[in-house]
>>> print(open('work18.cif').read())   # mmCIF, C-alpha atoms (C1' of nucleotides)
data_upload
loop_
_atom_site.label_atom_id
_atom_site.label_comp_id
_atom_site.auth_asym_id
_atom_site.auth_seq_id
_atom_site.Cartn_x
_atom_site.Cartn_y
_atom_site.Cartn_z
CA MET A 1 21.36 -27.51 -28.57
CA ASN A 2 17.90 -27.41 -27.13
CA SER A 3 16.99 -30.75 -28.62
CA ASN A 4 20.25 -32.20 -27.40
CA LEU A 5 19.49 -30.99 -23.95
CA ASN A 6 16.07 -32.53 -24.22
CA LEU A 7 17.62 -35.84 -25.17
CA ASP A 8 19.87 -35.58 -22.14
CA ASN A 9 16.92 -34.78 -19.96
CA ILE A 10 14.91 -37.68 -21.33
CA ALA A 11 17.75 -39.98 -20.41
CA LEU A 12 18.08 -38.30 -17.05
CA LEU A 13 14.42 -38.83 -16.21
CA LYS A 14 14.40 -42.40 -17.47
CA ALA A 15 17.44 -43.19 -15.37
CA ALA A 16 15.52 -41.95 -12.34
CA GLY A 17 12.52 -44.09 -13.22
CA ILE A 18 10.42 -41.09 -14.18
CA LYS A 19 8.41 -41.12 -17.36
CA PRO A 20 9.60 -38.19 -19.48
CA SER A 21 6.28 -36.50 -20.16
CA LEU A 22 5.99 -33.19 -21.93
CA VAL A 23 5.36 -31.19 -18.78
CA ARG A 24 8.24 -32.81 -16.94
CA LEU A 25 10.66 -32.24 -19.78
CA LYS A 26 9.64 -28.63 -20.24
CA VAL A 27 9.88 -27.86 -16.54
CA LEU A 28 13.21 -29.59 -16.16
CA THR A 29 14.67 -27.98 -19.28
CA TYR A 30 13.51 -24.54 -18.23
CA VAL A 31 14.90 -24.74 -14.71
CA LYS A 32 18.17 -26.09 -16.09
CA ASN A 33 18.54 -23.37 -18.71
CA VAL A 34 17.99 -20.51 -16.36
CA THR A 35 20.05 -19.14 -13.48
CA SER A 36 17.22 -17.19 -11.88
CA HIS A 37 16.11 -19.88 -9.42
CA PRO A 38 12.59 -19.60 -10.77
CA THR A 39 9.42 -19.81 -8.71
CA VAL A 40 6.39 -21.92 -9.61
CA ASP A 41 4.77 -18.78 -10.96
CA MET A 42 7.74 -17.93 -13.16
CA ILE A 43 7.80 -21.44 -14.55
CA TYR A 44 4.07 -21.39 -15.13
CA LYS A 45 4.11 -18.07 -16.97
CA GLU A 46 7.04 -19.17 -19.10
CA LEU A 47 5.57 -22.51 -20.12
CA ALA A 48 1.93 -21.48 -20.43
CA ASP A 49 2.61 -20.25 -23.97
CA GLU A 50 3.93 -23.59 -25.13
CA ILE A 51 1.44 -25.68 -23.15
CA PRO A 52 -1.86 -23.77 -23.14
CA THR A 53 -3.62 -26.30 -20.91
CA LEU A 54 -0.90 -26.23 -18.30
CA SER A 55 -1.96 -26.03 -14.66
CA ARG A 56 0.00 -24.86 -11.68
CA THR A 57 -0.76 -28.12 -9.93
CA SER A 58 1.17 -29.97 -12.62
CA ILE A 59 4.15 -27.79 -11.95
CA TYR A 60 3.90 -28.41 -8.23
CA ASN A 61 3.61 -32.13 -8.90
CA THR A 62 6.53 -32.13 -11.28
CA LEU A 63 8.80 -30.11 -9.04
CA LEU A 64 8.03 -32.36 -6.09
CA LEU A 65 8.82 -35.39 -8.20
CA LEU A 66 12.07 -33.99 -9.52
CA THR A 67 13.11 -32.74 -6.12
CA GLU A 68 12.50 -36.10 -4.49
CA ALA A 69 14.52 -37.72 -7.26
CA HIS A 70 17.37 -35.30 -6.52
CA ILE A 71 17.27 -33.93 -10.04
CA LEU A 72 16.33 -30.47 -8.84
CA ARG A 73 16.47 -28.92 -5.43
CA SER A 74 14.15 -26.45 -3.78
CA VAL A 75 15.52 -23.28 -2.27
CA SER A 76 13.55 -21.40 0.35
CA ILE A 77 15.29 -18.22 1.35
CA ASP A 78 14.20 -16.25 4.38
CA GLY A 79 10.48 -16.83 4.09
CA ASP A 80 10.28 -16.11 0.39
CA VAL A 81 8.35 -18.13 -2.11
CA MET A 82 9.88 -21.49 -2.93
CA ARG A 83 12.42 -21.42 -5.71
CA PHE A 84 14.06 -24.18 -7.70
CA ASP A 85 17.62 -24.83 -8.69
CA ALA A 86 19.14 -27.32 -11.10
CA THR A 87 22.63 -26.94 -9.69
CA MET A 88 22.96 -29.98 -7.50
CA SER A 89 26.60 -29.66 -6.54
CA ASP A 90 27.30 -28.24 -3.10
CA HIS A 91 26.89 -24.49 -3.15
CA GLY A 92 25.41 -21.57 -1.24
CA HIS A 93 23.07 -18.78 -2.24
CA PHE A 94 23.39 -15.03 -2.14
CA ARG A 95 20.31 -12.87 -2.23
CA CYS A 96 20.53 -9.19 -3.01
CA SER A 97 18.43 -7.25 -0.55
CA LYS A 98 17.76 -4.56 -3.12
CA CYS A 99 16.90 -6.32 -6.37
CA GLY A 100 16.01 -9.67 -4.85
CA LYS A 101 18.11 -11.57 -7.35
CA ILE A 102 19.58 -14.86 -6.19
CA TYR A 103 23.09 -15.92 -7.12
CA ASP A 104 24.66 -19.31 -6.82
CA LEU A 105 27.64 -19.13 -4.57
CA ASP A 106 30.44 -21.58 -4.98
CA PHE A 107 32.29 -22.22 -1.81
CA ASP A 108 35.24 -24.40 -1.17
CA THR A 109 35.49 -27.12 1.38
CA ARG A 110 36.43 -24.75 4.16
CA ILE A 111 32.77 -24.53 5.09
CA ASP A 112 32.91 -28.22 5.87
CA LYS A 113 34.99 -27.37 8.91
CA VAL A 114 31.86 -26.33 10.74
CA VAL A 115 31.60 -29.18 13.18
CA LEU A 116 28.38 -30.51 14.65
CA PRO A 117 28.08 -31.52 18.29
CA SER A 118 28.42 -35.26 18.75
CA GLY A 119 25.29 -37.26 18.08
CA PHE A 120 24.03 -34.98 15.34
CA LYS A 121 23.91 -36.59 11.91
CA GLU A 122 24.01 -34.21 8.95
CA THR A 123 22.27 -34.93 5.68
CA ARG A 124 22.13 -31.50 4.07
CA ARG A 125 23.04 -27.90 4.66
CA ASP A 126 22.07 -24.53 3.30
CA LEU A 127 24.19 -21.43 3.39
CA PHE A 128 22.43 -18.16 2.63
CA ILE A 129 24.22 -14.85 2.46
CA TYR A 130 22.32 -11.59 2.26
CA GLY A 131 23.54 -8.20 1.16
CA ASN A 132 23.91 -6.14 -1.99
CA CYS A 133 24.99 -7.53 -5.32
CA PRO A 134 27.57 -5.67 -7.47
CA TYR A 135 24.89 -4.09 -9.63
CA CYS A 136 22.99 -2.67 -6.68
CA GLU A 137 25.96 -1.86 -4.47
CA GLY A 138 27.13 0.95 -6.75
CA GLN A 139 24.26 3.29 -6.19
CA MET B 1 14.47 -14.13 38.62
CA ASN B 2 11.52 -13.55 36.37
CA SER B 3 11.00 -10.06 37.67
CA ASN B 4 14.69 -9.38 37.26
CA LEU B 5 14.53 -10.52 33.71
CA ASN B 6 11.54 -8.30 33.17
CA LEU B 7 13.49 -5.37 34.57
CA ASP B 8 16.29 -6.17 32.16
CA ASN B 9 13.85 -6.38 29.31
CA ILE B 10 12.22 -3.11 30.24
CA ALA B 11 15.61 -1.46 30.10
CA LEU B 12 16.38 -3.24 26.85
CA LEU B 13 13.23 -2.00 25.19
CA LYS B 14 13.64 1.53 26.50
CA ALA B 15 17.19 1.63 25.21
CA ALA B 16 15.86 0.74 21.79
CA GLY B 17 13.26 3.48 21.96
CA ILE B 18 10.41 0.99 22.31
CA LYS B 19 7.75 1.52 24.91
CA PRO B 20 7.75 -1.54 27.17
CA SER B 21 4.11 -2.46 26.99
CA LEU B 22 2.70 -5.62 28.54
CA VAL B 23 2.45 -7.51 25.26
CA ARG B 24 5.95 -6.57 24.23
CA LEU B 25 7.43 -7.59 27.56
CA LYS B 26 5.60 -10.88 27.63
CA VAL B 27 6.56 -11.75 24.07
CA LEU B 28 10.17 -10.78 24.57
CA THR B 29 10.45 -12.58 27.88
CA TYR B 30 8.89 -15.72 26.48
CA VAL B 31 11.12 -15.90 23.43
CA LYS B 32 14.15 -15.25 25.58
CA ASN B 33 13.30 -17.92 28.14
CA VAL B 34 12.75 -20.64 25.63
CA THR B 35 15.10 -22.45 23.30
CA SER B 36 12.42 -23.80 20.99
CA HIS B 37 12.51 -20.99 18.43
CA PRO B 38 8.78 -20.51 18.89
CA THR B 39 6.33 -19.69 16.13
CA VAL B 40 3.69 -16.98 16.32
CA ASP B 41 1.17 -19.64 17.13
CA MET B 42 3.24 -21.08 19.96
CA ILE B 43 3.70 -17.62 21.42
CA TYR B 44 0.02 -16.87 21.08
CA LYS B 45 -1.09 -20.08 22.77
CA GLU B 46 1.39 -19.59 25.59
CA LEU B 47 0.46 -15.99 26.34
CA ALA B 48 -3.27 -16.20 25.71
CA ASP B 49 -3.77 -17.48 29.26
CA GLU B 50 -2.09 -14.49 30.82
CA ILE B 51 -3.52 -11.95 28.37
CA PRO B 52 -7.03 -13.09 27.52
CA THR B 53 -7.60 -10.29 25.01
CA LEU B 54 -4.41 -11.01 23.13
CA SER B 55 -4.59 -11.08 19.35
CA ARG B 56 -2.26 -12.71 16.88
CA THR B 57 -1.87 -9.41 15.10
CA SER B 58 -0.31 -7.94 18.22
CA ILE B 59 2.23 -10.71 18.23
CA TYR B 60 3.03 -10.13 14.59
CA ASN B 61 3.38 -6.42 15.27
CA THR B 62 5.55 -6.99 18.29
CA LEU B 63 7.82 -9.49 16.60
CA LEU B 64 8.29 -7.20 13.64
CA LEU B 65 9.17 -4.35 15.95
CA LEU B 66 11.62 -6.38 17.99
CA THR B 67 13.17 -7.88 14.90
CA GLU B 68 13.70 -4.52 13.28
CA ALA B 69 15.27 -3.30 16.51
CA HIS B 70 17.64 -6.29 16.41
CA ILE B 71 16.41 -7.51 19.77
CA LEU B 72 15.08 -10.71 18.26
CA ARG B 73 15.73 -12.33 14.93
CA SER B 74 13.42 -14.29 12.69
CA VAL B 75 14.40 -17.70 11.46
CA SER B 76 12.80 -19.15 8.37
CA ILE B 77 13.99 -22.67 7.72
CA ASP B 78 13.26 -24.42 4.47
CA GLY B 79 9.80 -23.05 3.85
CA ASP B 80 8.56 -23.66 7.36
CA VAL B 81 6.57 -21.25 9.43
CA MET B 82 8.50 -18.26 10.69
CA ARG B 83 10.23 -18.81 13.99
CA PHE B 84 11.89 -16.43 16.42
CA ASP B 85 15.15 -16.50 18.24
CA ALA B 86 16.52 -14.33 21.03
CA THR B 87 20.09 -15.45 20.50
CA MET B 88 21.58 -12.60 18.53
CA SER B 89 25.19 -13.70 18.45
CA ASP B 90 26.38 -15.30 15.24
CA HIS B 91 25.19 -18.88 15.08
CA GLY B 92 23.63 -21.46 12.79
CA HIS B 93 20.61 -23.68 13.11
CA PHE B 94 20.13 -27.41 12.98
CA ARG B 95 16.74 -28.87 12.25
CA CYS B 96 16.00 -32.49 12.95
CA SER B 97 14.21 -34.02 10.01
CA LYS B 98 12.39 -36.45 12.29
CA CYS B 99 11.14 -34.47 15.27
CA GLY B 100 11.38 -31.03 13.65
CA LYS B 101 13.15 -29.56 16.65
CA ILE B 102 15.51 -26.69 15.96
CA TYR B 103 18.83 -26.37 17.76
CA ASP B 104 21.11 -23.38 17.95
CA LEU B 105 24.45 -24.24 16.48
CA ASP B 106 27.49 -22.42 17.67
CA PHE B 107 30.17 -22.24 15.09
CA ASP B 108 33.55 -20.70 15.27
CA THR B 109 34.92 -18.09 12.95
CA ARG B 110 36.06 -20.65 10.42
CA ILE B 111 32.81 -20.21 8.58
CA ASP B 112 33.81 -16.63 7.95
CA LYS B 113 36.39 -17.93 5.52
CA VAL B 114 33.72 -18.45 2.91
CA VAL B 115 34.65 -15.69 0.52
CA LEU B 116 32.23 -13.76 -1.66
CA PRO B 117 33.07 -12.81 -5.25
CA SER B 118 34.28 -9.25 -5.52
CA GLY B 119 31.57 -6.62 -5.59
CA PHE B 120 29.23 -8.51 -3.28
CA LYS B 121 28.61 -6.83 0.05
CA GLU B 122 27.50 -9.09 2.89
CA THR B 123 25.21 -7.91 5.66
CA ARG B 124 23.95 -11.19 7.11
CA ARG B 125 24.18 -14.91 6.66
CA ASP B 126 22.23 -17.98 7.65
CA LEU B 127 23.59 -21.46 7.99
CA PHE B 128 21.06 -24.28 8.21
CA ILE B 129 22.02 -27.88 8.72
CA TYR B 130 19.49 -30.67 8.38
CA GLY B 131 19.66 -34.21 9.62
CA ASN B 132 18.81 -36.20 12.72
CA CYS B 133 19.33 -35.02 16.26
CA PRO B 134 20.83 -37.31 18.91
CA TYR B 135 17.43 -38.24 20.30
CA CYS B 136 16.06 -39.29 16.92
CA GLU B 137 19.25 -40.77 15.50
CA GLY B 138 19.23 -43.71 17.87
CA GLN B 139 16.13 -45.40 16.59
"C1'" DA C 1 -8.98 15.49 37.33
"C1'" DA C 2 -10.24 16.28 32.36
"C1'" DT C 3 -8.86 16.72 27.69
"C1'" DC C 4 -6.72 15.19 23.80
"C1'" DA C 5 -3.37 13.58 20.66
"C1'" DT C 6 -0.48 9.70 20.19
"C1'" DT C 7 0.41 5.04 20.46
"C1'" DA C 8 -0.87 0.24 21.17
"C1'" DT C 9 -4.02 -3.41 20.55
"C1'" DT C 10 -7.63 -5.81 18.56
"C1'" DG C 11 -10.44 -8.31 15.18
"C1'" DT C 12 -12.01 -8.92 10.72
"C1'" DA C 13 -11.05 -9.30 6.06
"C1'" DA C 14 -7.91 -10.00 2.28
"C1'" DT C 15 -3.90 -12.09 0.16
"C1'" DG C 16 -1.41 -15.62 -1.78
"C1'" DA C 17 1.46 -19.79 -1.76
"C1'" DA C 18 0.84 -24.45 -1.33
"C1'" DT C 19 -2.01 -28.67 -0.91
"C1'" DT C 20 -5.92 -31.78 -1.59
"C1'" DC C 21 -8.69 -34.30 -4.33
"C1'" DA C 22 -11.72 -35.98 -7.68
"C1'" DA C 23 -12.56 -35.75 -12.51
"C1'" DA C 24 -10.80 -35.70 -17.17
"C1'" DT C 25 -7.29 -36.81 -20.28
"C1'" DT C 26 -3.49 -39.25 -22.06
"C1'" DT C 27 -0.57 -43.14 -22.53
"C1'" DG C 28 0.89 -47.59 -23.70
"C1'" DA C 29 0.48 -52.46 -23.14
"C1'" DA C 30 -2.39 -56.44 -24.32
"C1'" DT D 1 -9.53 -51.28 -30.18
"C1'" DT D 2 -9.90 -51.85 -25.26
"C1'" DC D 3 -8.71 -50.92 -20.85
"C1'" DA D 4 -6.04 -50.09 -16.77
"C1'" DA D 5 -2.55 -47.14 -15.08
"C1'" DA D 6 -0.39 -42.87 -15.02
"C1'" DT D 7 -0.63 -38.01 -15.88
"C1'" DT D 8 -2.76 -33.67 -15.93
"C1'" DT D 9 -6.15 -30.53 -14.79
"C1'" DG D 10 -9.02 -27.25 -12.15
"C1'" DA D 11 -11.68 -26.16 -8.41
"C1'" DA D 12 -11.82 -26.01 -3.55
"C1'" DT D 13 -9.32 -25.73 0.71
"C1'" DT D 14 -5.88 -24.67 4.04
"C1'" DC D 15 -3.13 -21.75 6.50
"C1'" DA D 16 0.47 -18.25 7.53
"C1'" DT D 17 0.88 -13.61 6.95
"C1'" DT D 18 -0.57 -8.87 5.96
"C1'" DA D 19 -3.71 -4.91 5.61
"C1'" DC D 20 -6.54 -1.98 7.69
"C1'" DA D 21 -9.93 0.25 10.24
"C1'" DA D 22 -11.89 0.49 14.82
"C1'" DT D 23 -11.23 0.43 19.70
"C1'" DA D 24 -8.59 0.95 23.87
"C1'" DA D 25 -4.85 2.57 26.57
"C1'" DT D 26 -1.30 5.88 27.58
"C1'" DG D 27 0.74 9.97 29.05
"C1'" DA D 28 1.63 14.79 28.56
"C1'" DT D 29 -0.61 19.31 29.18
"C1'" DT D 30 -3.72 22.31 30.95
#
>>> encode(input="work18.cif", output="structure tokens")
Amino acid sequence: MNSNLNLDNIALLKAAGIKPSLVRLKVLTYVKNVTSHPTVDMIYKELADEIPTLSRTSIYNTLLLLTEAHILRSVSIDGDVMRFDATMSDHGHFRCSKCGKIYDLDFDTRIDKVVLPSGFKETRRDLFIYGNCPYCEGQ
Amino acid sequence: MNSNLNLDNIALLKAAGIKPSLVRLKVLTYVKNVTSHPTVDMIYKELADEIPTLSRTSIYNTLLLLTEAHILRSVSIDGDVMRFDATMSDHGHFRCSKCGKIYDLDFDTRIDKVVLPSGFKETRRDLFIYGNCPYCEGQ
DNA sequence: AATCATTATTGTAATGAATTCAAATTTGAA
DNA sequence: TTCAAATTTGAATTCATTACAATAATGATT
């Protein structure tokens, strides 16, 4: 399964004109396999075991590259550290004010009814909802 | 008009249990009179003329105080520097990718139709739309 | 008016995420 | 194998924000 995913990711990177180096594959695979919207630090700490020479700069470089290629997207919520997300379909984010966990938030097309004043041209939107998640709401 | 607004702001601060000091009044008045969603730096540079001894820390302190009192709100868009907004009614924000200007974005209640999964309790939401504003879209 | 505790303001130092940049390493074509 | 190009590294830098201790201002009480 992991190797399959790697094969997919190799193809994915090649299709985007990006050489599938070790660092790039590991970063991409990790962000894809995880729902935690990891930070650079989380990625670094996770991959440092497998790649002992790894530097944070490489992760910054890689994430910038993958973000510009629209393979990942960056998520910056309310002044927090930058996080990264492999879910590229249109969706919002919920952040629990207690535990800080970030959830992907599917929303249907009703949000598209928010209309811009004339002359404004939209390229992207972010919806962030804050509150308590089910695990923190109980207590 | 300015003195009237100051009188209003004095009352506003008092009602919130905040002593209406000079710095607080100047910061509040400035953010209220301006639609630019100013940064700490913009506020500092603007007020430094009138209050020569002003420090950035005071502005940070003041903005935190006013934000916690729900007199102002902070706006953090896509990893940018923190900005501040005196419009407290429900609204979104549009940032022009070219000129960087931020516009308030009224939206009607249709956005409220975005439904959270059960167990999630919402306290606040942010909607950010990116693209080009009318002045930048032309060229 | 003087005292004094409380609050506000200041300024310096520390923190930490993100960026810059040049050097070292790796890669892959010739 | 050679060599140029691309990748990775690590140290230094930048810059917004926070921490914190010192100073100044305020306002109630005597």
>>> interface_residues(input="work18.cif", of="chain B", to="chain D", cutoff="10 Å", atoms="only C-alpha atoms (C1' of nucleotides)", output="JSON, numbers by chain")
{"B": [21, 40, 41, 57, 60, 80, 81, 82]}
>>> write_last_selection(input="work18.cif", atoms="C-alpha atoms", output="PDB file, in the coordinates of the input")
ATOM      1  CA  SER B  21       4.110  -2.460  26.990  1.00  0.00           C
ATOM      2  CA  VAL B  40       3.690 -16.980  16.320  1.00  0.00           C
ATOM      3  CA  ASP B  41       1.170 -19.640  17.130  1.00  0.00           C
ATOM      4  CA  THR B  57      -1.870  -9.410  15.100  1.00  0.00           C
ATOM      5  CA  TYR B  60       3.030 -10.130  14.590  1.00  0.00           C
ATOM      6  CA  ASP B  80       8.560 -23.660   7.360  1.00  0.00           C
ATOM      7  CA  VAL B  81       6.570 -21.250   9.430  1.00  0.00           C
ATOM      8  CA  MET B  82       8.500 -18.260  10.690  1.00  0.00           C
TER       9      MET B  82
END
>>> atom_distance(input="work18.cif", atom1="atom CA of A:Leu65", atom2="atom C1' of C:DT25")
20.2 Å
>>> closest_residue(input="work18.cif", among="B:Thr39, B:Thr67, B:Ser97, B:Thr53", to="chain C", atoms="only C-alpha atoms (C1' of nucleotides)")
B:Thr53
>>> interface_residues(input="work18.cif", of="chain A", to="chain B", cutoff="8 Å", atoms="only C-alpha atoms", output="VMD selection string")
chain A and resid 75 to 82 105 107 to 108 110 to 111 113 to 116 118 to 134 137
>>> resolve_selection(input="work18.cif", expression="the PyMOL selection byres ((chain B) within 12 of (chain C))", output="list of chain:residue names")
B:Ile18, B:Lys19, B:Pro20, B:Ser21, B:Leu22, B:Val23, B:Arg24, B:Ile51, B:Pro52, B:Thr53, B:Leu54, B:Ser55, B:Arg56, B:Thr57, B:Ser58, B:Ile59, B:Tyr60, B:Asn61, B:Thr62, B:Gly79, B:Asp80
>>> axis_aligned_box(input="work18.cif", around="stretch 53-63 of chain A", padding_each_side="8 Å", output="AutoDock Vina command-line options")
--center_x 2.6 --center_y -28.5 --center_z -14.6 --size_x 28.4 --size_y 23.3 --size_z 28.7
>>> atom_distance(input="work18.cif", atom1="atom CA of A:Thr29", atom2="atom CA of A:Asn9")
7.2 Å
>>> atom_distance(input="work18.cif", atom1="atom CA of A:Pro38", atom2="atom CA of A:Lys26")
13.4 Å
>>> closest_residue(input="work18.cif", among="B:Val31, B:Ala69, B:Ala48, B:Ile10", to="B:Phe84", atoms="only C-alpha atoms")
B:Val31
